[in-house]
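Visitor: Contents of work_24.csv (CSV, C-alpha atoms) are below:
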```csv
chain,number,residue,atom,x,y,z
A,1,MET,CA,4.1,-4.6,20.4
A,2,ALA,CA,3.7,-5.8,23.9
A,3,ASN,CA,3.8,-9.4,22.9
A,4,HIS,CA,7.0,-9.0,20.9
A,5,LEU,CA,10.5,-8.4,22.0
A,6,ARG,CA,10.7,-4.8,23.2
A,7,PHE,CA,13.2,-2.3,21.9
A,8,PHE,CA,14.0,-4.4,18.8
A,9,ALA,CA,11.7,-3.7,16.0
A,10,ARG,CA,11.4,-0.1,14.8
A,11,THR,CA,14.5,0.9,16.8
A,12,ILE,CA,17.4,3.1,15.7
A,13,MET,CA,20.5,3.7,17.7
A,14,VAL,CA,21.7,7.3,17.9
A,15,HIS,CA,25.3,7.7,16.7
A,16,GLU,CA,27.4,10.4,18.4
A,17,GLY,CA,24.4,12.3,19.7
A,18,ASN,CA,23.1,13.0,16.2
A,19,VAL,CA,19.4,12.7,17.1
A,20,ASP,CA,18.2,14.4,13.9
A,21,ALA,CA,20.0,11.9,11.7
A,22,ALA,CA,18.6,9.0,13.7
A,23,TYR,CA,15.1,10.4,13.6
A,24,LYS,CA,15.4,10.8,9.8
A,25,THR,CA,16.6,7.2,9.5
A,26,LEU,CA,13.8,6.0,11.6
A,27,ASN,CA,11.3,8.0,9.5
A,28,ARG,CA,12.8,6.6,6.3
A,29,VAL,CA,12.6,3.0,7.6
A,30,LEU,CA,9.0,3.5,8.7
A,31,ALA,CA,8.0,5.0,5.4
A,32,GLN,CA,9.6,2.2,3.4
A,33,ASP,CA,7.8,-0.3,5.5
A,34,GLY,CA,4.5,1.5,4.9
A,35,ILE,CA,3.8,2.1,8.6
A,36,ILE,CA,3.3,5.8,8.4
A,37,GLU,CA,0.7,5.6,5.7
A,38,THR,CA,-1.1,2.8,7.4
A,39,VAL,CA,-1.3,4.8,10.6
A,40,LYS,CA,-2.6,7.8,8.7
A,41,ARG,CA,-5.2,5.7,6.8
A,42,LYS,CA,-6.5,3.9,9.9
A,43,ARG,CA,-7.2,7.1,11.8
A,44,TYR,CA,-10.6,7.2,10.3
A,45,TYR,CA,-12.6,4.2,9.1
A,46,GLU,CA,-12.3,3.4,5.4
A,47,LYS,CA,-15.4,1.7,4.0
A,48,PRO,CA,-14.8,-1.4,1.9
A,49,CYS,CA,-16.0,0.2,-1.3
A,50,ARG,CA,-13.6,3.2,-0.8
A,51,GLU,CA,-10.8,0.7,0.0
A,52,ARG,CA,-11.4,-1.2,-3.2
A,53,GLN,CA,-11.4,2.0,-5.2
A,54,ARG,CA,-8.2,3.1,-3.6
A,55,ARG,CA,-6.4,-0.2,-4.3
A,56,ASN,CA,-7.5,-0.1,-7.9
A,57,PHE,CA,-6.3,3.4,-8.3
A,58,GLU,CA,-2.9,2.6,-6.7
A,59,ASN,CA,-2.5,-0.4,-8.9
A,60,CYS,CA,-3.2,1.6,-12.0
A,61,LYS,CA,-0.9,4.4,-10.8
A,62,ARG,CA,1.9,1.8,-10.2
A,63,ILE,CA,1.5,0.3,-13.7
A,64,TYR,CA,1.4,3.8,-15.3
A,65,HIS,CA,4.5,5.0,-13.5
A,66,ALA,CA,6.5,1.9,-14.2
A,67,ASP,CA,5.7,2.2,-17.9
A,68,MET,CA,6.5,5.9,-18.0
A,69,THR,CA,9.9,5.4,-16.3
A,70,ARG,CA,10.7,2.6,-18.7
A,71,LYS,CA,9.8,4.8,-21.6
A,72,LEU,CA,11.8,7.8,-20.4
A,73,ALA,CA,14.8,5.6,-19.7
A,74,PHE,CA,14.6,4.2,-23.2
A,75,ILE,CA,14.2,7.7,-24.8
A,76,SER,CA,17.1,9.2,-22.7
A,77,LYS,CA,19.5,6.4,-23.7
A,78,THR,CA,21.4,8.3,-26.4
A,79,HIS,CA,24.7,6.4,-26.4
A,80,ARG,CA,23.9,3.4,-28.6
A,81,GLN,CA,25.9,1.2,-30.9
A,82,ASP,CA,26.1,2.8,-34.4
A,83,PRO,CA,23.8,0.6,-36.5
A,84,TRP,CA,25.1,2.0,-39.8
A,85,VAL,CA,28.8,1.4,-39.3
A,86,GLY,CA,30.8,2.4,-42.3
A,87,CYS,CA,28.1,4.3,-44.2
B,88,MET,CA,-10.8,10.3,-6.7
B,89,TYR,CA,-13.0,7.7,-8.4
B,90,LYS,CA,-13.2,9.8,-11.6
B,91,LEU,CA,-9.4,10.1,-11.6
B,92,ASN,CA,-9.3,6.4,-11.2
B,93,CYS,CA,-11.5,5.9,-14.3
B,94,ILE,CA,-9.3,8.4,-16.3
B,95,LEU,CA,-6.2,6.5,-15.3
B,96,VAL,CA,-7.7,3.2,-16.1
B,97,SER,CA,-8.5,4.3,-19.6
B,98,SER,CA,-5.1,5.8,-20.1
B,99,VAL,CA,-3.4,2.7,-18.7
B,100,SER,CA,-5.4,0.4,-21.0
B,101,LYS,CA,-3.9,2.3,-24.0
B,102,VAL,CA,-0.4,2.3,-22.6
B,103,CYS,CA,0.2,-1.1,-21.0
B,104,ARG,CA,0.7,-3.8,-23.5
B,105,GLN,CA,3.6,-5.3,-21.6
B,106,VAL,CA,1.9,-5.3,-18.2
B,107,ALA,CA,3.6,-8.4,-16.9
B,108,GLY,CA,7.1,-6.9,-17.5
B,109,SER,CA,6.3,-3.6,-15.9
B,110,LEU,CA,4.5,-5.2,-13.0
B,111,ASN,CA,7.5,-7.3,-12.3
B,112,ALA,CA,9.7,-4.3,-12.4
B,113,GLY,CA,7.4,-2.4,-10.1
B,114,ASN,CA,6.9,-5.1,-7.6
B,115,SER,CA,10.6,-6.2,-7.3
B,116,PHE,CA,11.5,-2.5,-6.8
B,117,GLU,CA,9.2,-2.4,-3.8
B,118,LEU,CA,10.5,-5.7,-2.5
B,119,GLN,CA,14.1,-4.6,-2.7
B,120,ARG,CA,13.4,-1.6,-0.5
B,121,ALA,CA,12.1,-3.7,2.4
B,122,VAL,CA,14.3,-2.7,5.3
B,123,CYS,CA,13.9,-5.0,8.3
B,124,SER,CA,11.3,-4.0,10.8
B,125,SER,CA,10.3,-7.4,12.3
B,126,ALA,CA,12.4,-9.1,14.9
B,127,VAL,CA,12.6,-12.4,12.9
B,128,ARG,CA,14.0,-10.7,9.8
B,129,LEU,CA,16.5,-8.6,11.9
B,130,GLN,CA,17.8,-11.8,13.6
B,131,GLU,CA,18.5,-13.3,10.3
B,132,ALA,CA,20.2,-10.2,9.1
B,133,THR,CA,22.4,-9.5,12.1
B,134,PRO,CA,25.0,-12.2,11.1
B,135,SER,CA,25.3,-10.5,7.7
B,136,THR,CA,26.4,-7.1,8.9
B,137,ALA,CA,27.7,-5.9,5.5
B,138,ALA,CA,24.5,-4.0,4.7
B,139,SER,CA,23.6,-2.9,8.3
B,140,GLY,CA,25.0,0.6,8.1
B,141,LYS,CA,28.3,-0.1,9.9
B,142,THR,CA,30.7,2.8,9.8
B,143,SER,CA,34.4,2.5,10.4
B,144,LYS,CA,33.8,2.8,14.1
B,145,ASP,CA,31.7,-0.4,14.3
B,146,PHE,CA,28.4,1.5,14.9
B,147,SER,CA,25.3,-0.5,14.2
B,148,HIS,CA,21.8,1.0,13.7
B,149,PHE,CA,20.4,-2.0,15.4
B,150,PRO,CA,20.1,-2.2,19.2
B,151,PRO,CA,22.0,-4.8,21.2
B,152,LEU,CA,19.9,-8.0,21.5
B,153,PRO,CA,19.0,-9.1,25.0
B,154,GLY,CA,20.3,-12.5,24.4
B,155,GLN,CA,23.7,-11.5,22.9
B,156,GLU,CA,26.5,-9.9,25.0
B,157,SER,CA,27.5,-6.6,23.7
B,158,PRO,CA,30.3,-4.4,25.1
B,159,LEU,CA,28.3,-1.2,24.8
B,160,ARG,CA,27.7,0.6,28.0
B,161,TRP,CA,26.2,4.0,28.8
B,162,GLY,CA,27.1,5.5,32.1
B,163,GLY,CA,28.1,2.0,33.2
B,164,LYS,CA,24.6,0.6,32.4
B,165,LYS,CA,23.7,-2.0,29.8
B,166,PHE,CA,21.1,-1.1,27.1
B,167,ASP,CA,18.4,-3.0,29.0
B,168,GLU,CA,18.9,-1.1,32.2
B,169,LEU,CA,18.7,2.4,30.8
B,170,PRO,CA,15.6,4.5,31.8
B,171,ILE,CA,12.9,4.9,29.1
B,172,VAL,CA,11.1,8.1,28.1
B,173,HIS,CA,7.6,7.4,26.7
B,174,ILE,CA,6.5,10.2,24.3
B,175,LYS,CA,2.9,10.0,23.4
B,176,ALA,CA,2.4,12.5,20.5
B,177,THR,CA,-1.3,12.8,19.8
B,178,TYR,CA,-2.8,15.3,17.4
B,179,ASN,CA,-4.0,17.6,20.2
B,180,ASN,CA,-1.3,17.2,22.9
B,181,THR,CA,2.1,15.6,23.7
B,182,HIS,CA,2.7,13.6,26.9
B,183,ILE,CA,6.2,12.8,28.2
B,184,GLN,CA,6.8,10.2,30.9
B,185,LEU,CA,10.1,9.1,32.2
B,186,THR,CA,10.2,5.6,33.7
B,187,ASP,CA,13.1,3.4,34.8
B,188,SER,CA,13.9,0.1,32.9
B,189,ALA,CA,11.3,-1.8,35.0
B,190,GLY,CA,8.5,0.6,34.2
B,191,LEU,CA,8.1,2.6,37.4
B,192,SER,CA,7.3,6.2,36.6
B,193,MET,CA,9.7,8.9,37.7
B,194,VAL,CA,8.8,12.1,35.9
B,195,ARG,CA,5.6,13.1,34.0
B,196,THR,CA,5.1,16.2,32.0
B,197,SER,CA,2.8,17.3,29.2
B,198,CYS,CA,2.0,20.4,27.2
B,199,GLY,CA,-0.9,21.0,29.6
B,200,THR,CA,1.3,20.9,32.7
B,201,GLU,CA,3.5,23.5,31.1
B,202,GLY,CA,0.7,26.1,31.1
B,203,PHE,CA,-0.4,25.8,27.5
B,204,LYS,CA,-4.1,25.6,26.8
B,205,ASN,CA,-6.4,24.1,24.1
B,206,VAL,CA,-5.0,24.5,20.6
B,207,LYS,CA,-1.5,25.8,21.8
B,208,LYS,CA,-0.9,22.3,23.3
B,209,ALA,CA,-0.9,20.9,19.7
B,210,THR,CA,2.3,22.7,18.7
B,211,PRO,CA,5.9,21.6,18.4
B,212,ILE,CA,7.0,24.5,20.6
B,213,ALA,CA,4.8,23.3,23.5
B,214,ALA,CA,6.3,19.8,23.1
B,215,GLN,CA,9.8,21.2,23.2
B,216,THR,CA,9.0,23.1,26.4
B,217,ALA,CA,7.6,19.9,27.9
B,218,GLY,CA,10.7,18.1,26.9
B,219,ILE,CA,13.0,20.7,28.4
B,220,SER,CA,11.1,20.6,31.7
B,221,ALA,CA,11.1,16.8,31.8
B,222,ALA,CA,14.8,16.7,31.1
B,223,ALA,CA,15.4,19.2,34.0
B,224,LYS,CA,13.4,17.1,36.4
B,225,ALA,CA,15.2,14.0,35.2
B,226,THR,CA,18.7,15.4,35.7
B,227,ALA,CA,17.6,16.4,39.2
B,228,LYS,CA,17.0,12.7,39.8
B,229,GLY,CA,20.3,11.7,38.4
B,230,VAL,CA,19.4,10.5,34.9
B,231,THR,CA,21.8,11.0,31.9
B,232,TYR,CA,21.3,8.4,29.2
B,233,ILE,CA,17.8,7.5,28.1
B,234,ARG,CA,16.0,5.4,25.5
B,235,VAL,CA,13.1,7.1,23.7
B,236,LEU,CA,9.8,5.4,22.9
B,237,VAL,CA,7.6,7.5,20.5
B,238,LYS,CA,3.9,6.7,20.1
B,239,GLY,CA,1.7,8.5,17.6
B,240,LEU,CA,2.1,10.8,14.7
B,241,GLY,CA,1.5,14.2,16.2
B,242,PRO,CA,3.1,17.7,15.9
B,243,GLY,CA,5.3,17.2,18.9
B,244,ARG,CA,6.9,14.0,17.8
B,245,LEU,CA,10.4,15.3,16.9
B,246,SER,CA,10.4,18.5,18.9
B,247,ALA,CA,9.8,16.6,22.2
B,248,ILE,CA,13.0,14.6,21.5
B,249,LYS,CA,14.8,17.8,20.6
B,250,GLY,CA,13.6,19.3,23.9
B,251,LEU,CA,15.0,16.4,25.8
B,252,THR,CA,18.4,16.8,24.2
B,253,MET,CA,18.3,20.6,24.8
B,254,GLY,CA,17.5,20.0,28.5
B,255,GLY,CA,20.7,18.0,28.8
B,256,LEU,CA,19.7,14.3,28.5
B,257,GLU,CA,21.6,12.0,26.1
B,258,VAL,CA,19.4,10.0,23.8
B,259,VAL,CA,20.8,6.5,23.1
B,260,SER,CA,18.1,5.1,20.9
B,261,ILE,CA,14.8,6.0,19.3
B,262,THR,CA,12.0,3.5,19.0
B,263,ASP,CA,8.7,3.9,17.3
B,264,ASN,CA,5.9,2.3,19.3
B,265,THR,CA,2.9,3.7,17.3
B,266,PRO,CA,0.1,1.2,17.7
B,267,VAL,CA,-0.7,-0.4,14.4
B,268,PRO,CA,-3.9,-2.6,14.6
B,269,HIS,CA,-4.0,-5.6,12.4
B,270,ASN,CA,-7.7,-4.7,11.8
B,271,GLY,CA,-8.8,-4.7,15.4
B,272,CYS,CA,-11.2,-2.0,16.7
B,273,ARG,CA,-13.1,0.0,14.1
B,274,PRO,CA,-12.1,3.7,14.2
B,275,ARG,CA,-14.5,6.6,14.0
B,276,LYS,CA,-16.2,7.4,10.7
B,277,ALA,CA,-14.5,9.5,8.1
B,278,ARG,CA,-14.8,13.3,8.4
B,279,ARG,CA,-16.5,15.0,5.6
B,280,MET,CA,-15.1,18.5,5.3
```
Starting from the file, give its structure as structure tokens.
Guide:
Amino acid sequence: MANHLRFFARTIMVHEGNVDAAYKTLNRVLAQDGIIETVKRKRYYEKPCRERQRRNFENCKRIYHADMTRKLAFISKTHRQDPWVGC
Amino acid sequence: MYKLNCILVSSVSKVCRQVAGSLNAGNSFELQRAVCSSAVRLQEATPSTAASGKTSKDFSHFPPLPGQESPLRWGGKKFDELPIVHIKATYNNTHIQLTDSAGLSMVRTSCGTEGFKNVKKATPIAAQTAGISAAAKATAKGVTYIRVLVKGLGPGRLSAIKGLTMGGLEVVSITDNTPVPHNGCRPRKARRM
């Protein structure tokens, strides 16, 4: 941070004194960029074997969730074109 | 955790036949949510202000760049001349230090200086008290508008800023300065509880 432009990255302006909203926005930005989970993870050392297990697990979880949301979206799509028009 | 991984792998191997399609869906979803946090990407995005959260009053979530002239002034001062409040929110304590724009320290408080001891320092209430007392000392020195720099993920992270506002200071911007090493020093070993 010291080598980069100060007060530019990870900065949110406060609008009309609404500090809570600005803090929430900041938290959301940090979470979306994965900074909060990185900081939490780097608090203690994570051995390479544990890191490989965690990455594998996260990959599988991502694939599973993507497939599940796809399946649910397909099942919940009830308004379809009538395939048996006229019968 | 490892057993859960094995169970998931076996379940996933039954489920995913169209892995490529779902992977693409998953990855592009993550990419789309990349809000700018690096200076380079922000500089590219500032010309296209359509998606930068501008309300009808021309408010931008991004701070004024030092190179560009902006008409915003707080108490007659430009953004670069406002005093800075450094809040270091560790897991056991919260330190608050008010410096001017050059970095010279003016006010310094912490949960310990407020009379809290040991575990009570690691509470949001202690951080709020420290914020209020820091704000009182700052207003005695004639400070109104401040920029806040937060470091660390501790219990006093938000309540210190709240305490500053309750004490009468106007927060202009909040920056997160939590140190993120790009794999530098090795931290201590994992706790086994």
Visitor: I'd like the neighbourhood of stretch 262-273 of chain B as a VMD selection string, where a residue qualifies if any of its atoms comes within 10 Å (using only C-alpha atoms), though same-chain residues fewer than 5 positions away should be ignored.
Guide: (chain A and resid 1 to 2 6 to 13 23 26 to 27 30 35 to 36 38 to 39 42 to 46) or (chain B and resid 150 173 to 176 234 to 240)
Visitor: Quick one: residues within 9 Å of (21.6, 9.0, 19.5) (file frame), counting only C-alpha atoms, please, as JSON, numbers by chain.
Guide: {"A": [12, 13, 14, 15, 16, 17, 18, 19, 20, 21, 22, 23], "B": [234, 257, 258, 259, 260, 261]}
Visitor: Please, what distance in Å, to one decimal, runs between atom CA of B:Val194 and atom CA of B:Ile219?
Guide: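 Computed distance, atom CA of B:Val194 to atom CA of B:Ile219, equals 12.2 Å.
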Visitor: My list of candidates is B:Gly229, B:Gly163, B:Pro242, B:Pro274. Which is closest to chain A when distances are computed with all atoms listed in the file?
Guide: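 So, comparing all the options, the nearest one is B:Pro274.
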Visitor: Up to 10 Å from (-5.5, 16.8, 23.1) in the file's coordinates: name the residues, counting only C-alpha atoms, as a CSV table (one decimal) with C-alpha atoms, in the coordinates of the input.
Guide:
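This is the output file point03.csv:
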```csv
chain,number,residue,atom,x,y,z
B,176,ALA,CA,2.4,12.5,20.5
B,177,THR,CA,-1.3,12.8,19.8
B,178,TYR,CA,-2.8,15.3,17.4
B,179,ASN,CA,-4.0,17.6,20.2
B,180,ASN,CA,-1.3,17.2,22.9
B,181,THR,CA,2.1,15.6,23.7
B,182,HIS,CA,2.7,13.6,26.9
B,198,CYS,CA,2.0,20.4,27.2
B,199,GLY,CA,-0.9,21.0,29.6
B,204,LYS,CA,-4.1,25.6,26.8
B,205,ASN,CA,-6.4,24.1,24.1
B,206,VAL,CA,-5.0,24.5,20.6
B,207,LYS,CA,-1.5,25.8,21.8
B,208,LYS,CA,-0.9,22.3,23.3
B,209,ALA,CA,-0.9,20.9,19.7
```
